[in-house]
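S.K.: Input file: final.pdb. Contents: PDB, C-alpha atoms.
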MODEL        1
ATOM      1  CA  MET Z   3     149.656 186.594  31.973  1.00  0.00           C
ATOM      2  CA  TYR Z   4     146.520 184.455  31.719  1.00  0.00           C
ATOM      3  CA  THR Z   5     146.003 185.204  28.018  1.00  0.00           C
ATOM      4  CA  GLY Z   6     149.632 184.414  27.205  1.00  0.00           C
ATOM      5  CA  LEU Z   7     149.441 181.093  29.029  1.00  0.00           C
ATOM      6  CA  VAL Z   8     146.206 180.170  27.252  1.00  0.00           C
ATOM      7  CA  HIS Z   9     147.793 180.928  23.871  1.00  0.00           C
ATOM      8  CA  ALA Z  10     150.948 178.991  24.765  1.00  0.00           C
ATOM      9  CA  HIS Z  11     148.924 176.006  25.993  1.00  0.00           C
ATOM     10  CA  SER Z  12     146.706 176.104  22.907  1.00  0.00           C
ATOM     11  CA  GLY Z  13     149.566 176.597  20.447  1.00  0.00           C
ATOM     12  CA  LEU Z  14     151.878 174.008  21.944  1.00  0.00           C
ATOM     13  CA  ARG Z  15     149.106 171.439  21.730  1.00  0.00           C
ATOM     14  CA  TRP Z  16     149.884 171.217  18.007  1.00  0.00           C
ATOM     15  CA  VAL Z  17     153.529 170.412  18.734  1.00  0.00           C
ATOM     16  CA  ALA Z  18     152.467 167.729  21.204  1.00  0.00           C
ATOM     17  CA  LEU Z  19     149.890 166.291  18.786  1.00  0.00           C
ATOM     18  CA  VAL Z  20     152.302 166.166  15.843  1.00  0.00           C
ATOM     19  CA  LEU Z  21     154.963 164.484  17.975  1.00  0.00           C
ATOM     20  CA  LEU Z  22     152.403 162.069  19.399  1.00  0.00           C
ATOM     21  CA  LEU Z  23     151.078 161.174  15.951  1.00  0.00           C
ATOM     22  CA  ALA Z  24     154.629 160.661  14.691  1.00  0.00           C
ATOM     23  CA  ALA Z  25     155.559 158.540  17.720  1.00  0.00           C
ATOM     24  CA  VAL Z  26     152.480 156.332  17.346  1.00  0.00           C
ATOM     25  CA  PHE Z  27     153.012 155.942  13.600  1.00  0.00           C
ATOM     26  CA  VAL Z  28     156.712 155.129  13.966  1.00  0.00           C
ATOM     27  CA  SER Z  29     156.233 152.751  16.882  1.00  0.00           C
ATOM     28  CA  VAL Z  30     153.400 150.808  15.256  1.00  0.00           C
ATOM     29  CA  SER Z  31     155.163 150.571  11.889  1.00  0.00           C
ATOM     30  CA  ARG Z  32     158.411 149.417  13.512  1.00  0.00           C
ATOM     31  CA  TRP Z  33     156.536 147.060  15.834  1.00  0.00           C
ATOM     32  CA  MET Z  34     154.664 145.416  12.954  1.00  0.00           C
ATOM     33  CA  GLY Z  35     157.816 145.278  10.831  1.00  0.00           C
ATOM     34  CA  ASN Z  36     159.995 143.844  13.628  1.00  0.00           C
ATOM     35  CA  LYS Z  37     162.458 146.706  13.147  1.00  0.00           C
ATOM     36  CA  SER Z  38     165.246 147.588  15.546  1.00  0.00           C
ATOM     37  CA  PHE Z  39     164.939 150.240  18.243  1.00  0.00           C
ATOM     38  CA  THR Z  40     167.228 153.118  17.267  1.00  0.00           C
ATOM     39  CA  ASP Z  41     168.505 156.176  19.085  1.00  0.00           C
ATOM     40  CA  GLY Z  42     166.247 158.259  16.820  1.00  0.00           C
ATOM     41  CA  ASN Z  43     163.230 156.299  18.063  1.00  0.00           C
ATOM     42  CA  ARG Z  44     164.269 156.884  21.663  1.00  0.00           C
ATOM     43  CA  LYS Z  45     164.621 160.630  21.032  1.00  0.00           C
ATOM     44  CA  LEU Z  46     161.244 160.879  19.287  1.00  0.00           C
ATOM     45  CA  TYR Z  47     159.544 159.070  22.160  1.00  0.00           C
ATOM     46  CA  LEU Z  48     161.381 161.217  24.713  1.00  0.00           C
ATOM     47  CA  PHE Z  49     160.567 164.522  22.975  1.00  0.00           C
ATOM     48  CA  THR Z  50     156.937 163.447  22.793  1.00  0.00           C
ATOM     49  CA  LEU Z  51     156.985 162.732  26.526  1.00  0.00           C
ATOM     50  CA  ILE Z  52     158.588 166.118  27.220  1.00  0.00           C
ATOM     51  CA  SER Z  53     156.011 167.939  25.082  1.00  0.00           C
ATOM     52  CA  VAL Z  54     153.037 166.421  26.897  1.00  0.00           C
ATOM     53  CA  HIS Z  55     154.643 167.100  30.276  1.00  0.00           C
ATOM     54  CA  THR Z  56     155.203 170.726  29.229  1.00  0.00           C
ATOM     55  CA  GLN Z  57     151.516 170.884  28.366  1.00  0.00           C
ATOM     56  CA  LEU Z  58     150.747 169.404  31.787  1.00  0.00           C
ATOM     57  CA  VAL Z  59     152.724 172.115  33.586  1.00  0.00           C
ATOM     58  CA  LEU Z  60     151.063 174.893  31.580  1.00  0.00           C
ATOM     59  CA  GLY Z  61     147.671 173.285  32.106  1.00  0.00           C
ATOM     60  CA  LEU Z  62     148.126 173.001  35.855  1.00  0.00           C
ATOM     61  CA  ILE Z  63     149.097 176.677  36.079  1.00  0.00           C
ATOM     62  CA  LEU Z  64     146.020 177.574  34.042  1.00  0.00           C
ATOM     63  CA  TYR Z  65     143.866 175.325  36.215  1.00  0.00           C
ATOM     64  CA  VAL Z  66     144.818 177.373  39.273  1.00  0.00           C
ATOM     65  CA  ILE Z  67     144.324 180.833  37.715  1.00  0.00           C
ATOM     66  CA  SER Z  68     141.562 180.245  35.153  1.00  0.00           C
ATOM     67  CA  PRO Z  69     138.132 181.832  35.574  1.00  0.00           C
ATOM     68  CA  ARG Z  70     136.727 178.805  33.723  1.00  0.00           C
ATOM     69  CA  VAL Z  71     137.580 176.562  36.684  1.00  0.00           C
ATOM     70  CA  ASN Z  72     134.872 177.032  39.266  1.00  0.00           C
ATOM     71  CA  PHE Z  73     133.697 174.254  41.551  1.00  0.00           C
ATOM     72  CA  SER Z  74     130.475 176.074  42.443  1.00  0.00           C
ATOM     73  CA  GLY Z  75     129.383 176.457  38.809  1.00  0.00           C
ATOM     74  CA  MET Z  76     129.183 172.784  37.894  1.00  0.00           C
ATOM     75  CA  GLY Z  77     125.736 173.188  36.327  1.00  0.00           C
ATOM     76  CA  ASP Z  78     127.287 175.006  33.379  1.00  0.00           C
ATOM     77  CA  ARG Z  79     128.711 172.541  30.861  1.00  0.00           C
ATOM     78  CA  VAL Z  80     131.671 174.790  29.977  1.00  0.00           C
ATOM     79  CA  ILE Z  81     132.639 175.227  33.645  1.00  0.00           C
ATOM     80  CA  ARG Z  82     132.206 171.489  34.255  1.00  0.00           C
ATOM     81  CA  PHE Z  83     134.336 170.636  31.219  1.00  0.00           C
ATOM     82  CA  TYR Z  84     137.293 172.764  32.327  1.00  0.00           C
ATOM     83  CA  THR Z  85     136.908 172.022  36.045  1.00  0.00           C
ATOM     84  CA  VAL Z  86     136.561 168.238  35.832  1.00  0.00           C
ATOM     85  CA  GLU Z  87     136.482 166.617  32.403  1.00  0.00           C
ATOM     86  CA  HIS Z  88     139.436 168.267  30.641  1.00  0.00           C
ATOM     87  CA  ILE Z  89     141.909 167.842  33.475  1.00  0.00           C
ATOM     88  CA  THR Z  90     140.812 164.264  34.218  1.00  0.00           C
ATOM     89  CA  ILE Z  91     141.067 163.100  30.597  1.00  0.00           C
ATOM     90  CA  MET Z  92     144.413 164.833  30.083  1.00  0.00           C
ATOM     91  CA  LEU Z  93     145.887 163.457  33.312  1.00  0.00           C
ATOM     92  CA  LEU Z  94     144.872 159.940  32.266  1.00  0.00           C
ATOM     93  CA  ALA Z  95     146.437 160.499  28.831  1.00  0.00           C
ATOM     94  CA  ILE Z  96     149.691 161.797  30.275  1.00  0.00           C
ATOM     95  CA  ILE Z  97     149.819 158.930  32.762  1.00  0.00           C
ATOM     96  CA  ALA Z  98     149.381 156.450  29.883  1.00  0.00           C
ATOM     97  CA  ILE Z  99     152.145 158.111  27.862  1.00  0.00           C
ATOM     98  CA  THR Z 100     154.486 158.218  30.851  1.00  0.00           C
ATOM     99  CA  VAL Z 101     153.837 154.572  31.705  1.00  0.00           C
ATOM    100  CA  GLY Z 102     154.419 153.586  28.075  1.00  0.00           C
ATOM    101  CA  TYR Z 103     157.735 155.423  27.946  1.00  0.00           C
ATOM    102  CA  SER Z 104     158.884 154.011  31.298  1.00  0.00           C
ATOM    103  CA  ARG Z 105     157.906 150.451  30.459  1.00  0.00           C
ATOM    104  CA  SER Z 106     159.549 150.648  27.041  1.00  0.00           C
ATOM    105  CA  LYS Z 107     162.807 151.771  28.650  1.00  0.00           C
ATOM    106  CA  ARG Z 108     162.833 148.633  30.798  1.00  0.00           C
ATOM    107  CA  ALA Z 109     161.784 146.294  28.001  1.00  0.00           C
ATOM    108  CA  THR Z 110     164.499 144.063  26.622  1.00  0.00           C
ATOM    109  CA  GLY Z 111     163.434 143.372  23.042  1.00  0.00           C
ATOM    110  CA  ASP Z 112     163.192 145.988  20.309  1.00  0.00           C
ATOM    111  CA  THR Z 113     159.761 144.793  19.177  1.00  0.00           C
ATOM    112  CA  GLN Z 114     158.490 144.901  22.749  1.00  0.00           C
ATOM    113  CA  LYS Z 115     159.748 148.483  23.162  1.00  0.00           C
ATOM    114  CA  HIS Z 116     157.906 149.629  20.043  1.00  0.00           C
ATOM    115  CA  ARG Z 117     154.776 147.672  21.039  1.00  0.00           C
ATOM    116  CA  LEU Z 118     154.624 149.296  24.475  1.00  0.00           C
ATOM    117  CA  VAL Z 119     155.078 152.787  23.059  1.00  0.00           C
ATOM    118  CA  GLY Z 120     152.539 152.134  20.311  1.00  0.00           C
ATOM    119  CA  ILE Z 121     149.876 150.897  22.704  1.00  0.00           C
ATOM    120  CA  PHE Z 122     150.330 153.409  25.518  1.00  0.00           C
ATOM    121  CA  TYR Z 123     151.003 156.433  23.305  1.00  0.00           C
ATOM    122  CA  GLY Z 124     148.035 155.395  21.137  1.00  0.00           C
ATOM    123  CA  VAL Z 125     145.749 155.320  24.165  1.00  0.00           C
ATOM    124  CA  GLY Z 126     147.148 158.692  25.215  1.00  0.00           C
ATOM    125  CA  LEU Z 127     146.532 160.111  21.738  1.00  0.00           C
ATOM    126  CA  ILE Z 128     142.907 158.977  21.724  1.00  0.00           C
ATOM    127  CA  LEU Z 129     142.316 160.442  25.174  1.00  0.00           C
ATOM    128  CA  ILE Z 130     143.973 163.735  24.245  1.00  0.00           C
ATOM    129  CA  LEU Z 131     141.895 164.035  21.067  1.00  0.00           C
ATOM    130  CA  ALA Z 132     138.760 163.392  23.148  1.00  0.00           C
ATOM    131  CA  GLY Z 133     139.741 165.914  25.820  1.00  0.00           C
ATOM    132  CA  ILE Z 134     140.720 168.889  23.665  1.00  0.00           C
ATOM    133  CA  PRO Z 135     138.100 171.671  23.642  1.00  0.00           C
ATOM    134  CA  TRP Z 136     137.817 171.747  19.849  1.00  0.00           C
ATOM    135  CA  ALA Z 137     135.919 174.720  18.361  1.00  0.00           C
ATOM    136  CA  PHE Z 138     133.056 172.499  17.139  1.00  0.00           C
ATOM    137  CA  ARG Z 139     132.320 171.488  20.768  1.00  0.00           C
ATOM    138  CA  ASN Z 140     131.304 175.076  21.629  1.00  0.00           C
ATOM    139  CA  LEU Z 141     133.315 175.218  24.836  1.00  0.00           C
ATOM    140  CA  GLY Z 142     134.651 178.720  24.328  1.00  0.00           C
ATOM    141  CA  ALA Z 143     137.926 177.710  22.669  1.00  0.00           C
ATOM    142  CA  SER Z 144     139.289 177.843  19.147  1.00  0.00           C
ATOM    143  CA  ASN Z 145     141.422 175.430  17.196  1.00  0.00           C
ATOM    144  CA  PHE Z 146     144.360 177.842  17.106  1.00  0.00           C
TER
ENDMDL
END
So, in terms of structure tokens, how does the structure I just supplied come out?

M.R.:
Amino acid sequence: MYTGLVHAHSGLRWVALVLLLAAVFVSVSRWMGNKSFTDGNRKLYLFTLISVHTQLVLGLILYVISPRVNFSGMGDRVIRFYTVEHITIMLLAIIAITVGYSRSKRATGDTQKHRLVGIFYGVGLILILAGIPWAFRNLGASNF
């Protein structure tokens, strides 16, 4: 079960990243171009939100069952990364994305909706990119 969850969490990260990149690109381009807020924009932003929340659920399950999460082994940088750093960075990113989506829903103007999504999803994207255990970081994970 653990291995399957790790593969699902690692594989679905690409879906979340692609959707997040698309959402940031679309929101910033429509914000700068003063374009209208369409139903397609709303769906893209919503599917992006759903994908990161799916990652959150998988990540929280892994956090509970993972051997890499160990509060007594904080001297090891890999243990510390998975026990504290990864979950903290990802929670902050997901909070930013959720706040951006919620605030854009309440915004009245189309430009303001795109601006809020662009800013908050952009912050979330930067945090997620910083918090992923990329292979070059030597944290015991691969890029796929």

S.K.: Any chance you could tabulate, as a tab-separated table, the residues of region 76-127 of chain Z at most 8 Å from region 49-56 of chain Z with each one's nearest atom pair and distance in Å to one decimal, using only C-alpha atoms, in chain and rising number order?

M.R.:
residue	atom	partner	partner_atom	distance
Z:Ile96	CA	Z:Val54	CA	6.6
Z:Ile99	CA	Z:Leu51	CA	6.8
Z:Thr100	CA	Z:Leu51	CA	6.7
Z:Tyr103	CA	Z:Leu51	CA	7.5

S.K.: Find the spatial neighbours of region 16-28 of chain Z, counting all atoms listed in the file, within a cut-off of 7 Å - ignore same-chain residues fewer than 4 positions away - and output them as number ranges by chain.

M.R.: Z: 32, 46-47, 50, 53-54, 120, 123-124, 127

S.K.: List the neighbours of Ile134 (chain Z) out to 9 Å using all atoms listed in the file; skip same-chain residues closer than 5 positions along the sequence, and give me the result as a PDB file with C-alpha atoms, in the coordinates of the input.

M.R.:
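So part_32.pdb came out as:
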ATOM      1  CA  ARG Z  15     149.106 171.439  21.730  1.00  0.00           C
ATOM      2  CA  HIS Z  88     139.436 168.267  30.641  1.00  0.00           C
ATOM      3  CA  MET Z  92     144.413 164.833  30.083  1.00  0.00           C
ATOM      4  CA  LEU Z 129     142.316 160.442  25.174  1.00  0.00           C
TER       5      LEU Z 129
END

S.K.: Could you tell me which residues the PyMOL selection byres ((chain Z and resi 114) around 12) returns for this structure, as an MDAnalysis selection string?

M.R.: chainID Z and resid 29:30 32:39 102:103 105:113 115:121

S.K.: Using Å and a single decimal, report how far CA of Ser12 (chain Z) sits from CA of Leu141 (chain Z).

M.R.: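 Taking CA of Leu141 (chain Z) as the start and CA of Ser12 (chain Z) as the end point, the length is 13.6 Å.
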
S.K.: Residues within 9 Å of Arg82 (chain Z), please, as a PyMOL selection string. Count all atoms listed in the file; anything in the same chain fewer than 5 positions from it doesn't count.

M.R.: chain Z and resi 70-73+75-77+87-88

S.K.: For this file, the PyMOL selection byres ((chain Z and resi 11) around 9) selects which residues, as a PyMOL selection string?

M.R.: chain Z and resi 6-10+12-15+56-58+60-61+64

S.K.: Can you work out which one of Z:Ser104, Z:Gly42, Z:Asn145, Z:Tyr84 has the shortest atom-to-atom distance to Val66 (chain Z), counting all atoms listed in the file?

M.R.: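 Closest candidate: Z:Tyr84.
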
S.K.: To one decimal place, how far is CA of Gly126 (chain Z) from CA of Ala98 (chain Z) in Å?

M.R.: 5.6 Å

S.K.: Quick one: pull the distance between CA of Leu62 (chain Z) and CA of Val101 (chain Z), Å, one decimal.

M.R.: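 CA of Leu62 (chain Z) sits 19.7 Å away from CA of Val101 (chain Z).
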
S.K.: Dig up all the protein and nucleic acid residues within 9 Å of (139.7, 164.4, 28.1) in the file frame, using only C-alpha atoms, and format them as a list in words.

M.R.: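 Collected hits near the coordinates: Phe83, Glu87, His88, Ile89, Thr90, Ile91, Met92, Leu93, Leu94, Ala95, Ile128, Leu129, Ile130, Leu131, Ala132, Gly133, Ile134 and Pro135 of chain Z.
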
S.K.: Can you put N, CA and C atoms back into region 111-139 of chain Z and show it as a PDB file, in the coordinates of the input?

M.R.:
ATOM      1  N   GLY Z 111     163.444 143.546  24.496  1.00  0.00           N
ATOM      2  CA  GLY Z 111     163.434 143.372  23.042  1.00  0.00           C
ATOM      3  C   GLY Z 111     163.002 144.621  22.307  1.00  0.00           C
ATOM      4  N   ASP Z 112     163.537 144.822  21.112  1.00  0.00           N
ATOM      5  CA  ASP Z 112     163.192 145.988  20.309  1.00  0.00           C
ATOM      6  C   ASP Z 112     161.708 146.011  19.941  1.00  0.00           C
ATOM      7  N   THR Z 113     161.174 144.864  19.538  1.00  0.00           N
ATOM      8  CA  THR Z 113     159.761 144.793  19.177  1.00  0.00           C
ATOM      9  C   THR Z 113     158.883 145.122  20.380  1.00  0.00           C
ATOM     10  N   GLN Z 114     159.267 144.627  21.535  1.00  0.00           N
ATOM     11  CA  GLN Z 114     158.490 144.901  22.749  1.00  0.00           C
ATOM     12  C   GLN Z 114     158.522 146.394  23.090  1.00  0.00           C
ATOM     13  N   LYS Z 115     159.646 147.038  22.899  1.00  0.00           N
ATOM     14  CA  LYS Z 115     159.748 148.483  23.162  1.00  0.00           C
ATOM     15  C   LYS Z 115     158.788 149.256  22.262  1.00  0.00           C
ATOM     16  N   HIS Z 116     158.802 148.948  20.983  1.00  0.00           N
ATOM     17  CA  HIS Z 116     157.906 149.629  20.043  1.00  0.00           C
ATOM     18  C   HIS Z 116     156.443 149.315  20.353  1.00  0.00           C
ATOM     19  N   ARG Z 117     156.156 148.066  20.720  1.00  0.00           N
ATOM     20  CA  ARG Z 117     154.776 147.672  21.039  1.00  0.00           C
ATOM     21  C   ARG Z 117     154.245 148.459  22.237  1.00  0.00           C
ATOM     22  N   LEU Z 118     155.052 148.576  23.280  1.00  0.00           N
ATOM     23  CA  LEU Z 118     154.624 149.296  24.475  1.00  0.00           C
ATOM     24  C   LEU Z 118     154.381 150.780  24.174  1.00  0.00           C
ATOM     25  N   VAL Z 119     155.277 151.387  23.425  1.00  0.00           N
ATOM     26  CA  VAL Z 119     155.078 152.787  23.059  1.00  0.00           C
ATOM     27  C   VAL Z 119     153.845 152.931  22.176  1.00  0.00           C
ATOM     28  N   GLY Z 120     153.693 152.057  21.208  1.00  0.00           N
ATOM     29  CA  GLY Z 120     152.539 152.134  20.311  1.00  0.00           C
ATOM     30  C   GLY Z 120     151.221 152.027  21.048  1.00  0.00           C
ATOM     31  N   ILE Z 121     151.128 151.092  21.969  1.00  0.00           N
ATOM     32  CA  ILE Z 121     149.876 150.897  22.704  1.00  0.00           C
ATOM     33  C   ILE Z 121     149.609 152.063  23.647  1.00  0.00           C
ATOM     34  N   PHE Z 122     150.564 152.387  24.502  1.00  0.00           N
ATOM     35  CA  PHE Z 122     150.330 153.409  25.518  1.00  0.00           C
ATOM     36  C   PHE Z 122     150.241 154.813  24.915  1.00  0.00           C
ATOM     37  N   TYR Z 123     151.090 155.132  23.958  1.00  0.00           N
ATOM     38  CA  TYR Z 123     151.003 156.433  23.305  1.00  0.00           C
ATOM     39  C   TYR Z 123     149.714 156.523  22.478  1.00  0.00           C
ATOM     40  N   GLY Z 124     149.295 155.411  21.881  1.00  0.00           N
ATOM     41  CA  GLY Z 124     148.035 155.395  21.137  1.00  0.00           C
ATOM     42  C   GLY Z 124     146.840 155.669  22.033  1.00  0.00           C
ATOM     43  N   VAL Z 125     146.822 155.051  23.194  1.00  0.00           N
ATOM     44  CA  VAL Z 125     145.749 155.320  24.165  1.00  0.00           C
ATOM     45  C   VAL Z 125     145.793 156.785  24.580  1.00  0.00           C
ATOM     46  N   GLY Z 126     146.999 157.288  24.847  1.00  0.00           N
ATOM     47  CA  GLY Z 126     147.148 158.692  25.215  1.00  0.00           C
ATOM     48  C   GLY Z 126     146.654 159.621  24.115  1.00  0.00           C
ATOM     49  N   LEU Z 127     146.972 159.298  22.872  1.00  0.00           N
ATOM     50  CA  LEU Z 127     146.532 160.111  21.738  1.00  0.00           C
ATOM     51  C   LEU Z 127     145.008 160.149  21.648  1.00  0.00           C
ATOM     52  N   ILE Z 128     144.376 159.023  21.785  1.00  0.00           N
ATOM     53  CA  ILE Z 128     142.907 158.977  21.724  1.00  0.00           C
ATOM     54  C   ILE Z 128     142.292 159.802  22.851  1.00  0.00           C
ATOM     55  N   LEU Z 129     142.831 159.664  24.050  1.00  0.00           N
ATOM     56  CA  LEU Z 129     142.316 160.442  25.174  1.00  0.00           C
ATOM     57  C   LEU Z 129     142.526 161.939  24.960  1.00  0.00           C
ATOM     58  N   ILE Z 130     143.700 162.315  24.477  1.00  0.00           N
ATOM     59  CA  ILE Z 130     143.973 163.735  24.245  1.00  0.00           C
ATOM     60  C   ILE Z 130     143.029 164.300  23.183  1.00  0.00           C
ATOM     61  N   LEU Z 131     142.826 163.564  22.100  1.00  0.00           N
ATOM     62  CA  LEU Z 131     141.895 164.035  21.067  1.00  0.00           C
ATOM     63  C   LEU Z 131     140.479 164.185  21.614  1.00  0.00           C
ATOM     64  N   ALA Z 132     140.091 163.304  22.535  1.00  0.00           N
ATOM     65  CA  ALA Z 132     138.760 163.392  23.148  1.00  0.00           C
ATOM     66  C   ALA Z 132     138.666 164.540  24.146  1.00  0.00           C
ATOM     67  N   GLY Z 133     139.770 164.906  24.771  1.00  0.00           N
ATOM     68  CA  GLY Z 133     139.741 165.914  25.820  1.00  0.00           C
ATOM     69  C   GLY Z 133     140.048 167.330  25.394  1.00  0.00           C
ATOM     70  N   ILE Z 134     140.429 167.536  24.142  1.00  0.00           N
ATOM     71  CA  ILE Z 134     140.720 168.889  23.665  1.00  0.00           C
ATOM     72  C   ILE Z 134     139.401 169.635  23.439  1.00  0.00           C
ATOM     73  N   PRO Z 135     139.335 170.891  23.875  1.00  0.00           N
ATOM     74  CA  PRO Z 135     138.100 171.671  23.642  1.00  0.00           C
ATOM     75  C   PRO Z 135     138.057 172.223  22.213  1.00  0.00           C
ATOM     76  N   TRP Z 136     137.863 171.341  21.254  1.00  0.00           N
ATOM     77  CA  TRP Z 136     137.817 171.747  19.849  1.00  0.00           C
ATOM     78  C   TRP Z 136     136.723 172.798  19.641  1.00  0.00           C
ATOM     79  N   ALA Z 137     136.875 173.645  18.635  1.00  0.00           N
ATOM     80  CA  ALA Z 137     135.919 174.720  18.361  1.00  0.00           C
ATOM     81  C   ALA Z 137     134.510 174.187  18.111  1.00  0.00           C
ATOM     82  N   PHE Z 138     134.389 173.039  17.458  1.00  0.00           N
ATOM     83  CA  PHE Z 138     133.056 172.499  17.139  1.00  0.00           C
ATOM     84  C   PHE Z 138     132.295 172.031  18.383  1.00  0.00           C
ATOM     85  N   ARG Z 139     132.977 171.915  19.521  1.00  0.00           N
ATOM     86  CA  ARG Z 139     132.320 171.488  20.768  1.00  0.00           C
ATOM     87  C   ARG Z 139     131.675 172.649  21.512  1.00  0.00           C
TER      88      ARG Z 139
END
